[in-house]
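What follows is the content of final-v8.txt (compact mmCIF, N, CA and C atoms).
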```txt
# COMPACT_ATOMS: atom_id res chain seq x y z
N MET A 8 -20.33 0.42 27.40
CA MET A 8 -20.63 -0.79 26.66
C MET A 8 -19.58 -0.96 25.57
N PRO A 9 -18.86 -2.08 25.57
CA PRO A 9 -17.88 -2.34 24.51
C PRO A 9 -18.56 -2.52 23.16
N ILE A 10 -17.92 -1.95 22.15
CA ILE A 10 -18.42 -2.02 20.78
C ILE A 10 -17.25 -2.39 19.88
N SER A 11 -17.51 -3.26 18.92
CA SER A 11 -16.47 -3.66 17.98
C SER A 11 -17.02 -3.62 16.56
N GLY A 12 -16.32 -2.92 15.69
CA GLY A 12 -16.61 -2.96 14.27
C GLY A 12 -15.85 -4.13 13.68
N VAL A 13 -16.51 -4.95 12.89
CA VAL A 13 -15.86 -6.15 12.35
C VAL A 13 -16.15 -6.32 10.86
N VAL A 14 -15.25 -7.05 10.23
CA VAL A 14 -15.47 -7.54 8.87
C VAL A 14 -15.50 -9.05 8.98
N ILE A 15 -16.54 -9.65 8.44
CA ILE A 15 -16.71 -11.10 8.52
C ILE A 15 -16.49 -11.68 7.13
N LEU A 16 -15.49 -12.52 7.01
CA LEU A 16 -15.16 -13.19 5.74
C LEU A 16 -16.04 -14.43 5.61
N ILE A 17 -16.70 -14.56 4.47
CA ILE A 17 -17.67 -15.65 4.29
C ILE A 17 -17.49 -16.36 2.96
N GLU A 18 -18.11 -17.53 2.87
CA GLU A 18 -18.17 -18.25 1.60
C GLU A 18 -19.23 -17.58 0.74
N PRO A 19 -18.89 -17.16 -0.48
CA PRO A 19 -19.84 -16.42 -1.32
C PRO A 19 -21.17 -17.13 -1.57
N LYS A 20 -21.15 -18.44 -1.75
CA LYS A 20 -22.38 -19.17 -2.05
C LYS A 20 -23.36 -19.20 -0.88
N LYS A 21 -22.87 -18.90 0.31
CA LYS A 21 -23.71 -18.94 1.51
C LYS A 21 -23.99 -17.54 2.06
N SER A 22 -23.70 -16.52 1.27
CA SER A 22 -23.75 -15.14 1.76
C SER A 22 -25.12 -14.73 2.31
N GLN A 23 -26.19 -15.02 1.60
CA GLN A 23 -27.51 -14.58 2.07
C GLN A 23 -27.93 -15.32 3.33
N LYS A 24 -27.65 -16.61 3.40
CA LYS A 24 -27.97 -17.41 4.58
C LYS A 24 -27.22 -16.87 5.81
N ILE A 25 -25.94 -16.57 5.64
CA ILE A 25 -25.12 -16.04 6.73
C ILE A 25 -25.62 -14.66 7.14
N PHE A 26 -25.89 -13.82 6.16
CA PHE A 26 -26.38 -12.46 6.43
C PHE A 26 -27.67 -12.53 7.24
N ASN A 27 -28.59 -13.40 6.86
CA ASN A 27 -29.85 -13.54 7.59
C ASN A 27 -29.64 -14.05 9.01
N ALA A 28 -28.71 -14.99 9.19
CA ALA A 28 -28.41 -15.51 10.54
C ALA A 28 -27.82 -14.41 11.43
N LEU A 29 -26.96 -13.58 10.87
CA LEU A 29 -26.36 -12.50 11.64
C LEU A 29 -27.40 -11.46 12.05
N LYS A 30 -28.34 -11.18 11.16
CA LYS A 30 -29.39 -10.21 11.47
C LYS A 30 -30.24 -10.65 12.66
N LYS A 31 -30.31 -11.96 12.90
CA LYS A 31 -31.09 -12.51 14.01
C LYS A 31 -30.28 -12.65 15.30
N THR A 32 -28.97 -12.39 15.23
CA THR A 32 -28.10 -12.59 16.38
C THR A 32 -28.12 -11.36 17.28
N GLU A 33 -28.42 -11.57 18.55
CA GLU A 33 -28.48 -10.47 19.51
C GLU A 33 -27.11 -9.80 19.64
N GLY A 34 -27.11 -8.48 19.63
CA GLY A 34 -25.88 -7.71 19.78
C GLY A 34 -25.15 -7.47 18.48
N VAL A 35 -25.71 -7.93 17.37
CA VAL A 35 -25.07 -7.77 16.06
C VAL A 35 -25.94 -6.88 15.18
N THR A 36 -25.31 -5.85 14.62
CA THR A 36 -25.96 -4.99 13.64
C THR A 36 -25.17 -5.13 12.34
N THR A 37 -25.83 -5.49 11.27
CA THR A 37 -25.16 -5.66 9.99
C THR A 37 -25.30 -4.40 9.14
N TYR A 38 -24.27 -4.16 8.33
CA TYR A 38 -24.26 -2.98 7.47
C TYR A 38 -23.99 -3.32 6.02
N GLY A 39 -24.33 -4.53 5.64
CA GLY A 39 -24.27 -4.87 4.23
C GLY A 39 -23.25 -5.91 3.85
N LEU A 40 -23.44 -6.36 2.64
CA LEU A 40 -22.60 -7.38 2.04
C LEU A 40 -21.69 -6.67 1.03
N HIS A 41 -20.39 -6.98 1.07
CA HIS A 41 -19.43 -6.32 0.19
C HIS A 41 -18.72 -7.38 -0.66
N LYS A 42 -18.81 -7.23 -1.96
CA LYS A 42 -18.16 -8.13 -2.93
C LYS A 42 -18.51 -9.60 -2.71
N ASP A 43 -19.65 -9.88 -2.14
CA ASP A 43 -20.14 -11.24 -1.89
C ASP A 43 -19.25 -12.09 -0.98
N ILE A 44 -18.22 -11.52 -0.38
CA ILE A 44 -17.37 -12.31 0.52
C ILE A 44 -17.15 -11.65 1.88
N TYR A 45 -17.65 -10.44 2.06
CA TYR A 45 -17.49 -9.75 3.34
C TYR A 45 -18.83 -9.23 3.83
N ILE A 46 -19.04 -9.33 5.13
CA ILE A 46 -20.17 -8.67 5.77
C ILE A 46 -19.60 -7.70 6.78
N VAL A 47 -20.05 -6.47 6.71
CA VAL A 47 -19.63 -5.44 7.66
C VAL A 47 -20.65 -5.42 8.79
N ALA A 48 -20.16 -5.45 10.05
CA ALA A 48 -21.07 -5.50 11.19
C ALA A 48 -20.48 -4.79 12.40
N VAL A 49 -21.35 -4.51 13.35
CA VAL A 49 -20.95 -3.96 14.64
C VAL A 49 -21.47 -4.91 15.71
N PHE A 50 -20.59 -5.27 16.65
CA PHE A 50 -20.97 -6.11 17.78
C PHE A 50 -21.04 -5.22 19.02
N GLU A 51 -22.06 -5.42 19.84
CA GLU A 51 -22.20 -4.71 21.11
C GLU A 51 -22.45 -5.74 22.21
N ALA A 52 -21.78 -5.56 23.35
CA ALA A 52 -21.94 -6.48 24.47
C ALA A 52 -21.67 -5.74 25.78
N LYS A 53 -21.90 -6.39 26.90
CA LYS A 53 -21.69 -5.77 28.21
C LYS A 53 -20.22 -5.74 28.60
N THR A 54 -19.44 -6.73 28.12
CA THR A 54 -18.02 -6.79 28.44
C THR A 54 -17.22 -7.18 27.20
N THR A 55 -15.93 -6.93 27.24
CA THR A 55 -15.07 -7.33 26.13
C THR A 55 -15.01 -8.85 26.02
N LYS A 56 -15.12 -9.54 27.14
CA LYS A 56 -15.14 -11.01 27.11
C LYS A 56 -16.36 -11.51 26.33
N GLU A 57 -17.51 -10.84 26.50
CA GLU A 57 -18.70 -11.21 25.74
C GLU A 57 -18.51 -10.96 24.25
N LEU A 58 -17.80 -9.89 23.89
CA LEU A 58 -17.49 -9.65 22.47
C LEU A 58 -16.66 -10.79 21.90
N GLU A 59 -15.68 -11.21 22.69
CA GLU A 59 -14.82 -12.32 22.27
C GLU A 59 -15.63 -13.60 22.10
N THR A 60 -16.53 -13.87 23.03
CA THR A 60 -17.38 -15.04 22.96
C THR A 60 -18.30 -14.98 21.74
N MET A 61 -18.84 -13.80 21.48
CA MET A 61 -19.72 -13.61 20.33
C MET A 61 -18.98 -13.90 19.03
N SER A 62 -17.78 -13.39 18.90
CA SER A 62 -16.97 -13.63 17.70
C SER A 62 -16.70 -15.11 17.51
N GLY A 63 -16.34 -15.79 18.60
CA GLY A 63 -16.07 -17.22 18.53
C GLY A 63 -17.30 -18.02 18.14
N HIS A 64 -18.43 -17.65 18.72
CA HIS A 64 -19.69 -18.34 18.40
C HIS A 64 -20.03 -18.19 16.93
N ILE A 65 -19.94 -16.98 16.41
CA ILE A 65 -20.26 -16.73 15.00
C ILE A 65 -19.31 -17.50 14.09
N SER A 66 -18.02 -17.51 14.44
CA SER A 66 -17.03 -18.24 13.63
C SER A 66 -17.30 -19.73 13.59
N LYS A 67 -17.73 -20.29 14.72
CA LYS A 67 -17.88 -21.74 14.81
C LYS A 67 -19.28 -22.24 14.48
N GLU A 68 -20.29 -21.45 14.77
CA GLU A 68 -21.66 -21.95 14.69
C GLU A 68 -22.42 -21.58 13.40
N ILE A 69 -21.97 -20.56 12.70
CA ILE A 69 -22.67 -20.19 11.46
C ILE A 69 -21.88 -20.76 10.28
N ASP A 70 -22.50 -21.72 9.61
CA ASP A 70 -21.86 -22.39 8.49
C ASP A 70 -21.52 -21.40 7.38
N GLY A 71 -20.28 -21.42 6.94
CA GLY A 71 -19.85 -20.56 5.85
C GLY A 71 -19.05 -19.35 6.30
N VAL A 72 -18.99 -19.10 7.61
CA VAL A 72 -18.17 -18.00 8.12
C VAL A 72 -16.73 -18.50 8.18
N LEU A 73 -15.85 -17.79 7.52
CA LEU A 73 -14.44 -18.18 7.46
C LEU A 73 -13.59 -17.45 8.48
N GLY A 74 -14.07 -16.29 8.95
CA GLY A 74 -13.32 -15.54 9.96
C GLY A 74 -14.04 -14.26 10.34
N VAL A 75 -13.79 -13.82 11.57
CA VAL A 75 -14.33 -12.56 12.08
C VAL A 75 -13.13 -11.68 12.44
N TYR A 76 -13.02 -10.54 11.77
CA TYR A 76 -11.85 -9.68 11.91
C TYR A 76 -12.23 -8.31 12.44
N PRO A 77 -11.83 -8.01 13.69
CA PRO A 77 -12.12 -6.69 14.27
C PRO A 77 -11.37 -5.59 13.52
N THR A 78 -12.06 -4.50 13.28
CA THR A 78 -11.42 -3.33 12.66
C THR A 78 -11.41 -2.14 13.61
N TYR A 79 -12.27 -2.21 14.64
CA TYR A 79 -12.39 -1.13 15.60
C TYR A 79 -12.90 -1.72 16.90
N LEU A 80 -12.35 -1.26 18.03
CA LEU A 80 -12.81 -1.72 19.34
C LEU A 80 -12.86 -0.55 20.29
N HIS A 81 -14.03 -0.34 20.90
CA HIS A 81 -14.19 0.71 21.90
C HIS A 81 -14.60 0.05 23.21
N PHE A 82 -13.78 0.22 24.24
CA PHE A 82 -14.09 -0.36 25.54
C PHE A 82 -13.77 0.60 26.67
N GLU A 83 -13.74 1.88 26.38
CA GLU A 83 -13.39 2.90 27.37
C GLU A 83 -14.28 2.84 28.60
N ASP A 84 -15.59 2.65 28.41
CA ASP A 84 -16.51 2.59 29.55
C ASP A 84 -16.13 1.47 30.51
N GLU A 85 -15.70 0.35 29.96
CA GLU A 85 -15.32 -0.79 30.80
C GLU A 85 -14.08 -0.48 31.63
N THR A 86 -13.10 0.21 31.08
CA THR A 86 -11.88 0.52 31.83
C THR A 86 -12.12 1.61 32.86
N GLU A 87 -13.04 2.52 32.58
CA GLU A 87 -13.37 3.56 33.55
C GLU A 87 -14.04 2.98 34.79
N GLU A 88 -14.85 1.93 34.62
CA GLU A 88 -15.52 1.29 35.74
C GLU A 88 -14.55 0.55 36.62
N ALA A 89 -13.47 0.04 36.04
CA ALA A 89 -12.47 -0.73 36.81
C ALA A 89 -11.65 0.23 37.63
```
Same coordinates, now as structure tokens:
Amino acid sequence: MPISGVVILIEPKKSQKIFNALKKTEGVTTYGLHKDIYIVAVFEAKTTKELETMSGHISKEIDGVLGVYPTYLHFEDETEEA
């Protein structure tokens, strides 16, 4: 299962609303708010393409998200299956 550690850059005034929306998003585990402008999270999906789709959805659909920046990506299981 591909896993990606990410830092999500957000608008400070919308931090709690964004944090709550992320907590409800399937495949997303949040690990806190940092300096009111970053949310640390882990994304899990069945494929790397789904991780990419998840990042795009969060960037476009959650108001106040300025960017989703991967810091770690594990997809070894996916390459072993191929």
Inset, instruction - Compile the contact shell of A:Val72 as a list in words: residues with an atom at most 7 Å away, counting only N, CA and C atoms, same-chain residues fewer than 2 positions apart removed. - result: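 Answer for this query is Ile15, Leu16, Ile17, Glu18, Ile25, Ile65, Ser66, Lys67, Ile69, Asp70, Gly74 and Val75 of chain A.
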Inset, instruction - Could you check which of A:Ala52, A:Ile46, A:Leu29, A:Leu40 is closest to A:Val14, using only C-alpha atoms? - result: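 The shortest atom-to-atom distance to A:Val14 comes from A:Ile46.
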Inset, instruction - Identify all residues of stretch 8-70 of chain A in strand (DSSP E) (DSSP on the backbone) and supply them as a ChimeraX atom specification. - result: /A:10-17,35-41,45-51
Inset, instruction - For atom N of A:Lys21 and atom C of A:Tyr79, determine how far apart the two atoms are, in Å to one decimal place. - result: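 Atom-to-atom, atom N of A:Lys21 to atom C of A:Tyr79, that is 25.9 Å.
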Inset, instruction - For A:Tyr38, please output as a PyMOL selection string all residues within 6 Å (counting only N, CA and C atoms; exclusion window: fewer than 2 positions along the same chain). - result: chain A and resi 36+40+47-49
For the residues in that selection, give me N, CA and C atoms as a PDB file, in the frame of the given file.
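This is the output file again_37.pdb:
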```pdb
ATOM      1  N   THR A  36     -25.310  -5.850  14.620  1.00  0.00           N
ATOM      2  CA  THR A  36     -25.960  -4.990  13.640  1.00  0.00           C
ATOM      3  C   THR A  36     -25.170  -5.130  12.340  1.00  0.00           C
ATOM      4  N   LEU A  40     -23.440  -6.360   2.640  1.00  0.00           N
ATOM      5  CA  LEU A  40     -22.600  -7.380   2.040  1.00  0.00           C
ATOM      6  C   LEU A  40     -21.690  -6.670   1.030  1.00  0.00           C
ATOM      7  N   VAL A  47     -20.050  -6.470   6.710  1.00  0.00           N
ATOM      8  CA  VAL A  47     -19.630  -5.440   7.660  1.00  0.00           C
ATOM      9  C   VAL A  47     -20.650  -5.420   8.790  1.00  0.00           C
ATOM     10  N   ALA A  48     -20.160  -5.450  10.050  1.00  0.00           N
ATOM     11  CA  ALA A  48     -21.070  -5.500  11.190  1.00  0.00           C
ATOM     12  C   ALA A  48     -20.480  -4.790  12.400  1.00  0.00           C
ATOM     13  N   VAL A  49     -21.350  -4.510  13.350  1.00  0.00           N
ATOM     14  CA  VAL A  49     -20.950  -3.960  14.640  1.00  0.00           C
ATOM     15  C   VAL A  49     -21.470  -4.910  15.710  1.00  0.00           C
TER      16      VAL A  49
END
```
Inset, instruction - Can you check which residues of chain A DSSP gives as helix (DSSP H, G or I) on the backbone and send them as a PyMOL selection string? - result: chain A and resi 19-30+55-68+83-88
Enclose stretch 29-44 of chain A, meaning all of its atoms listed in the file, in a box aligned along x, y and z, pad it by 3 Å on each side, and list the centre and edge lengths in Å to one decimal, as AutoDock Vina command-line options.
```
--center_x -24.1 --center_y -8.3 --center_z 8.4 --size_x 19.9 --size_y 16.6 --size_z 28.7
```
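Atom CA of A:Thr55 to atom CA of A:His41 spans 26.3 Å [interatomic distance, one decimal].
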Inset, instruction - Go through A:Gly63, A:Pro77, A:Pro19, A:Gly34 one by one, measure the shortest atom-to-atom distance of each to A:Phe50 using only N, CA and C atoms, and give the residue with the smallest value. - result: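 Ranking A:Gly63, A:Pro77, A:Pro19, A:Gly34 by distance to A:Phe50, first place goes to A:Gly34.
Using all atoms listed in the file, the shortest contact distance between A:Phe26 and any of A:Gly39, A:Leu73, A:Glu83, A:Glu51 is found at A:Gly39.
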Legend entry - Between atom N of A:Thr60 and atom N of A:Leu80 - distance in Å to one decimal: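 Interatomic distance, atom N of A:Leu80 to atom N of A:Thr60: 14.2 Å.
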Legend entry - From A:Thr32, A:Asp43, A:Tyr76, A:Ser22, residue lying nearest A:Glu59 [only C-alpha atoms]: A:Tyr76
Inset, instruction - Would you please work out which residue, of A:Glu57, A:Ile10, A:Thr78, A:Lys20, is nearest to A:Lys42 when using only C-alpha atoms? - result: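 Smallest separation from A:Lys42 among the options: A:Lys20.
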Legend entry - Which residue of A:Lys31, A:His64, A:Thr54, A:Ile44 approaches A:Phe82 most closely, using only N, CA and C atoms: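 Comparing A:Lys31, A:His64, A:Thr54, A:Ile44 against A:Phe82, the winner is A:Thr54.
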